Protein chains: 2
Amino acid sequence: MKLCFATNNTHKLDEVSSLLGVKMGLLSLKDIGCTEELEESTGTISGNSRQKAEYVFKKYKVSCFADDSGLEVEALNGAPGVDSAIYAGPQRSHEDNINLLLKNLAGVINRKARFITIITLVTPGLVKQFKGTVEGEILHAKTGSAGFGYDPVFKPNGFSKTLAQMTMDEKNKISHRARAMTELINFLTSHPI
Amino acid sequence: MKLCFATNNTHKLDEVSSLLGVKMGLLSLKDIGCTEELEESTGTISGNSRQKAEYVFKKYKVSCFADDSGLEVEALNGAPGVDSAIYAGPQRSHEDNINLLLKNLAGVINRKARFITIITLVTPGLVKQFKGTVEGEILHAKTGSAGFGYDPVFKPNGFSKTLAQMTMDEKNKISHRARAMTELINFLTSHPI
């Protein structure tokens, strides 16, 4: 299906997208009454993704997917990796995390990095994982204010701007999470749950 | 389908909703290369909605829906109605429109009003309209900063806050556009195009 919504009003487009999510039956943790912090203690992105999805599925009896993502920097042997969100400490400040990353890469010539997302879908009788990656490099300073996390210092290969300089549409075409999510959505479309 | 996304990160929820829109094949005017202003010259909400959808369908050969909305105030004999977006002039300032509305309602006791949206879907061989309304009242001053248009002065019946004080989720449960859009989505779900 290709269907144009004859508007360029971004408020309206956001409203419709949000409605489509509701129509698809998409629920947030808040919607199912889950207010506790989900544990991420397996030490791997894949493990944490599965840990969160299985916890919600078992406790709340609802089909569920969870994602875990990380930034892997080649010159740092894959760090911050599974610890990306808490790289600079448990307070999870994007600012502090970015500053620590730039400090640890000061003077380093190899800036190669990649974002990875692993989504785990858990439904009755099924546990399935979907992976998305985007290759790029770490800039020397923050650029752009959109997005979140390490987006302002990550320039995807083949683009002249960071993830934080992209519109959501642009980012959704190439980002690690979007790619993993597209795999998930394709699966759900062909395997109704 | 009920499916929980195990996150309360609103950025991630927005990204997924946006992706679902892309997956559904939802395109904006920009996506199809339409940069001109769409004419709204029929004098009615229903007519303008159809005018815009038919224009895009004919010129760009793509299935299309367009919405037109208005605020109908009982004490003003249905004004601003079809002229809601340009009530205070062609510059389409929400601020100016609201100020003129409050001025025209100064000292008026009957504050009854309703928002109406009419969506027209045009596909090969089909022209169909979907309507959504929300009844409420016009407050004496702006309250809230979310949403757009007249949202800050419109309090839906049965709620203690304006549309501009609601989250997108809350607004999507009751708004005129959301109701019309839900009708459209239900139709599309049962009549694949």
# chains A, B, ... in the order shown; residues from 1 in each chain; ligands from 1
>>> select_by_dssp(residues="stretch 22-193 of chain B", states="strand (DSSP E)", output="JSON, numbers by chain")
{"B": [26, 27, 28, 64, 65, 66, 67, 68, 69, 70, 71, 72, 73, 80, 81, 112, 113, 114, 115, 116, 117, 118, 119, 120, 121, 122, 123, 126, 127, 128, 129, 130, 131, 132, 133, 134, 135, 136, 137, 138, 154, 155, 156]}
>>> interface_residues(of="chain A", to="chain B", cutoff="6 Å", atoms="only C-alpha atoms", output="ChimeraX atom specification")
/A:1-8,17-18,21,25-29,63-66
>>> select_by_dssp(residues="stretch 30-132 of chain A", states="helix (DSSP H, G or I)", output="compact mmCIF listing (two decimals) with N, CA, C and O atoms, in the first residue's frame")
# COMPACT_ATOMS: atom_id res chain seq x y z
N LYS A 30 4.22 1.60 30.36
CA LYS A 30 3.25 2.34 31.18
C LYS A 30 1.84 1.83 30.91
O LYS A 30 1.04 1.66 31.83
N ASP A 31 1.56 1.56 29.63
CA ASP A 31 0.22 1.08 29.26
C ASP A 31 -0.14 -0.24 29.94
O ASP A 31 -1.31 -0.51 30.19
N ILE A 32 0.85 -1.08 30.20
CA ILE A 32 0.54 -2.38 30.82
C ILE A 32 0.75 -2.34 32.32
O ILE A 32 0.63 -3.36 33.01
N ILE A 45 24.50 -7.29 24.76
CA ILE A 45 23.35 -6.59 24.18
C ILE A 45 22.24 -7.59 23.86
O ILE A 45 21.08 -7.39 24.20
N SER A 46 22.62 -8.70 23.25
CA SER A 46 21.66 -9.74 22.92
C SER A 46 20.99 -10.29 24.18
O SER A 46 19.76 -10.45 24.24
N GLY A 47 21.78 -10.54 25.20
CA GLY A 47 21.24 -11.10 26.45
C GLY A 47 20.30 -10.13 27.15
O GLY A 47 19.23 -10.50 27.63
N ASN A 48 20.69 -8.85 27.20
CA ASN A 48 19.83 -7.87 27.86
C ASN A 48 18.51 -7.68 27.13
O ASN A 48 17.46 -7.52 27.75
N SER A 49 18.59 -7.69 25.81
CA SER A 49 17.38 -7.56 25.01
C SER A 49 16.40 -8.69 25.34
O SER A 49 15.21 -8.48 25.60
N ARG A 50 16.93 -9.90 25.38
CA ARG A 50 16.11 -11.08 25.69
C ARG A 50 15.61 -11.06 27.15
O ARG A 50 14.46 -11.39 27.43
N GLN A 51 16.51 -10.62 28.03
CA GLN A 51 16.16 -10.59 29.46
C GLN A 51 14.94 -9.69 29.70
O GLN A 51 14.01 -10.06 30.43
N LYS A 52 14.94 -8.53 29.07
CA LYS A 52 13.84 -7.57 29.28
C LYS A 52 12.54 -8.11 28.68
O LYS A 52 11.48 -8.03 29.31
N ALA A 53 12.62 -8.64 27.47
CA ALA A 53 11.39 -9.12 26.81
C ALA A 53 10.80 -10.31 27.56
O ALA A 53 9.58 -10.39 27.75
N GLU A 54 11.66 -11.22 28.01
CA GLU A 54 11.14 -12.40 28.72
C GLU A 54 10.56 -12.02 30.08
O GLU A 54 9.56 -12.59 30.52
N TYR A 55 11.18 -11.06 30.73
CA TYR A 55 10.66 -10.60 32.03
C TYR A 55 9.24 -10.07 31.88
O TYR A 55 8.33 -10.45 32.62
N VAL A 56 9.04 -9.18 30.89
CA VAL A 56 7.72 -8.58 30.69
C VAL A 56 6.71 -9.64 30.26
O VAL A 56 5.57 -9.68 30.76
N PHE A 57 7.12 -10.52 29.36
CA PHE A 57 6.20 -11.57 28.89
C PHE A 57 5.73 -12.46 30.05
O PHE A 57 4.55 -12.75 30.18
N LYS A 58 6.69 -12.85 30.90
CA LYS A 58 6.34 -13.77 31.99
C LYS A 58 5.52 -13.08 33.06
O LYS A 58 4.54 -13.62 33.55
N LYS A 59 5.92 -11.86 33.43
CA LYS A 59 5.24 -11.20 34.55
C LYS A 59 3.88 -10.63 34.13
O LYS A 59 2.93 -10.68 34.89
N TYR A 60 3.80 -10.08 32.91
CA TYR A 60 2.58 -9.36 32.52
C TYR A 60 1.72 -10.12 31.52
O TYR A 60 0.68 -9.63 31.10
N GLU A 74 35.75 0.63 17.41
CA GLU A 74 36.82 -0.33 17.11
C GLU A 74 38.08 -0.09 17.93
O GLU A 74 38.64 -1.02 18.51
N ALA A 75 38.49 1.19 18.01
CA ALA A 75 39.74 1.50 18.72
C ALA A 75 39.63 1.28 20.22
O ALA A 75 40.64 1.25 20.93
N LEU A 76 38.41 1.13 20.71
CA LEU A 76 38.19 0.88 22.15
C LEU A 76 37.78 -0.58 22.38
O LEU A 76 37.17 -0.90 23.40
N SER A 84 26.82 1.16 26.91
CA SER A 84 26.71 2.47 26.27
C SER A 84 25.90 3.48 27.09
O SER A 84 26.26 4.64 27.20
N ALA A 85 24.78 3.02 27.67
CA ALA A 85 23.90 3.96 28.38
C ALA A 85 24.47 4.41 29.71
O ALA A 85 24.09 5.45 30.24
N ILE A 86 25.40 3.59 30.25
CA ILE A 86 25.94 3.93 31.58
C ILE A 86 27.46 4.08 31.54
O ILE A 86 28.15 3.89 32.52
N HIS A 94 23.48 11.45 28.74
CA HIS A 94 24.01 11.41 27.37
C HIS A 94 25.25 12.29 27.26
O HIS A 94 26.24 11.93 26.63
N GLU A 95 25.15 13.46 27.86
CA GLU A 95 26.23 14.45 27.83
C GLU A 95 27.53 13.86 28.40
O GLU A 95 28.58 13.92 27.76
N ASP A 96 27.44 13.30 29.60
CA ASP A 96 28.62 12.72 30.25
C ASP A 96 29.18 11.56 29.43
O ASP A 96 30.39 11.42 29.28
N ASN A 97 28.28 10.73 28.89
CA ASN A 97 28.73 9.59 28.09
C ASN A 97 29.51 10.05 26.86
O ASN A 97 30.57 9.50 26.54
N ILE A 98 28.98 11.05 26.20
CA ILE A 98 29.65 11.56 24.99
C ILE A 98 31.00 12.17 25.36
O ILE A 98 32.01 11.92 24.68
N ASN A 99 31.02 12.93 26.42
CA ASN A 99 32.29 13.57 26.83
C ASN A 99 33.35 12.52 27.16
O ASN A 99 34.52 12.67 26.79
N LEU A 100 32.96 11.46 27.84
CA LEU A 100 33.92 10.41 28.18
C LEU A 100 34.43 9.71 26.91
O LEU A 100 35.62 9.43 26.77
N LEU A 101 33.50 9.47 25.98
CA LEU A 101 33.90 8.83 24.73
C LEU A 101 34.90 9.69 23.97
O LEU A 101 35.94 9.18 23.49
N LEU A 102 34.62 10.99 23.87
CA LEU A 102 35.54 11.89 23.15
C LEU A 102 36.90 11.95 23.85
O LEU A 102 37.94 11.99 23.21
N LYS A 103 36.88 11.91 25.17
CA LYS A 103 38.12 11.93 25.94
C LYS A 103 38.93 10.65 25.67
O LYS A 103 40.14 10.71 25.41
N ASN A 104 38.25 9.52 25.68
CA ASN A 104 38.94 8.24 25.46
C ASN A 104 39.44 8.09 24.03
O ASN A 104 40.30 7.26 23.75
>>> residues_around(residues="B:Gln165", least_positions_apart="3", cutoff="9 Å", atoms="only C-alpha atoms", output="list of chain:residue names")
B:Thr143, B:Gly144, B:Ser145, B:Ala146, B:Gly147, B:Asp151, B:Pro152, B:Lys161, B:Thr162, B:Lys171
>>> atom_distance(atom1="atom CA of A:Phe115", atom2="atom CA of A:Glu72")
6.3 Å
>>> residues_around(residues="A:Glu135", least_positions_apart="2", cutoff="9 Å", atoms="only C-alpha atoms", output="list in words")
Lys112, Ala113, Arg114, Phe115, Ile116, Thr133, Glu137, Lys155, Pro156, Asn157 and His176 of chain A
>>> write_last_selection(atoms="N, CA, C and O atoms", output="short mmCIF file (atom, residue, chain, number, x, y, z; two decimals), in the first residue's frame")
data_model
loop_
_atom_site.label_atom_id
_atom_site.label_comp_id
_atom_site.auth_asym_id
_atom_site.auth_seq_id
_atom_site.Cartn_x
_atom_site.Cartn_y
_atom_site.Cartn_z
N LYS A 112 36.51 4.48 13.65
CA LYS A 112 35.46 3.56 13.20
C LYS A 112 34.57 3.09 14.35
O LYS A 112 35.06 2.71 15.42
N ALA A 113 33.27 3.11 14.09
CA ALA A 113 32.32 2.68 15.12
C ALA A 113 31.08 2.14 14.45
O ALA A 113 30.85 2.36 13.26
N ARG A 114 30.31 1.39 15.21
CA ARG A 114 29.01 1.01 14.68
C ARG A 114 27.99 0.95 15.81
O ARG A 114 28.31 0.66 16.96
N PHE A 115 26.78 1.30 15.47
CA PHE A 115 25.66 1.12 16.38
C PHE A 115 25.04 -0.23 16.09
O PHE A 115 24.94 -0.64 14.92
N ILE A 116 24.61 -0.89 17.13
CA ILE A 116 23.92 -2.17 16.97
C ILE A 116 22.67 -2.18 17.85
O ILE A 116 22.70 -1.65 18.95
N THR A 133 22.29 -2.89 12.27
CA THR A 133 23.53 -2.16 12.56
C THR A 133 23.67 -0.98 11.61
O THR A 133 23.06 -0.95 10.53
N GLU A 137 31.47 6.64 11.92
CA GLU A 137 32.66 7.09 12.63
C GLU A 137 32.31 8.12 13.70
O GLU A 137 31.27 8.78 13.62
N LYS A 155 28.62 9.86 12.85
CA LYS A 155 28.37 10.14 11.45
C LYS A 155 28.33 8.82 10.69
O LYS A 155 29.34 8.12 10.58
N PRO A 156 27.16 8.45 10.17
CA PRO A 156 27.06 7.19 9.41
C PRO A 156 27.89 7.27 8.13
O PRO A 156 27.97 8.34 7.50
N ASN A 157 28.50 6.18 7.74
CA ASN A 157 29.25 6.14 6.48
C ASN A 157 28.35 6.53 5.31
O ASN A 157 27.21 6.10 5.23
N HIS A 176 20.32 1.86 13.14
CA HIS A 176 20.38 0.50 13.65
C HIS A 176 19.01 0.06 14.19
O HIS A 176 18.53 -1.02 13.89
#
>>> atom_distance(atom1="atom CA of A:Ala164", atom2="atom CA of A:Tyr150")
8.4 Å
>>> atom_distance(atom1="atom CA of B:Phe130", atom2="atom CA of B:Gly33")
25.7 Å
>>> closest_residue(among="B:Ser160, B:Ser175, B:Ser93, B:Thr42", to="B:Gly132", atoms="only C-alpha atoms")
B:Ser175
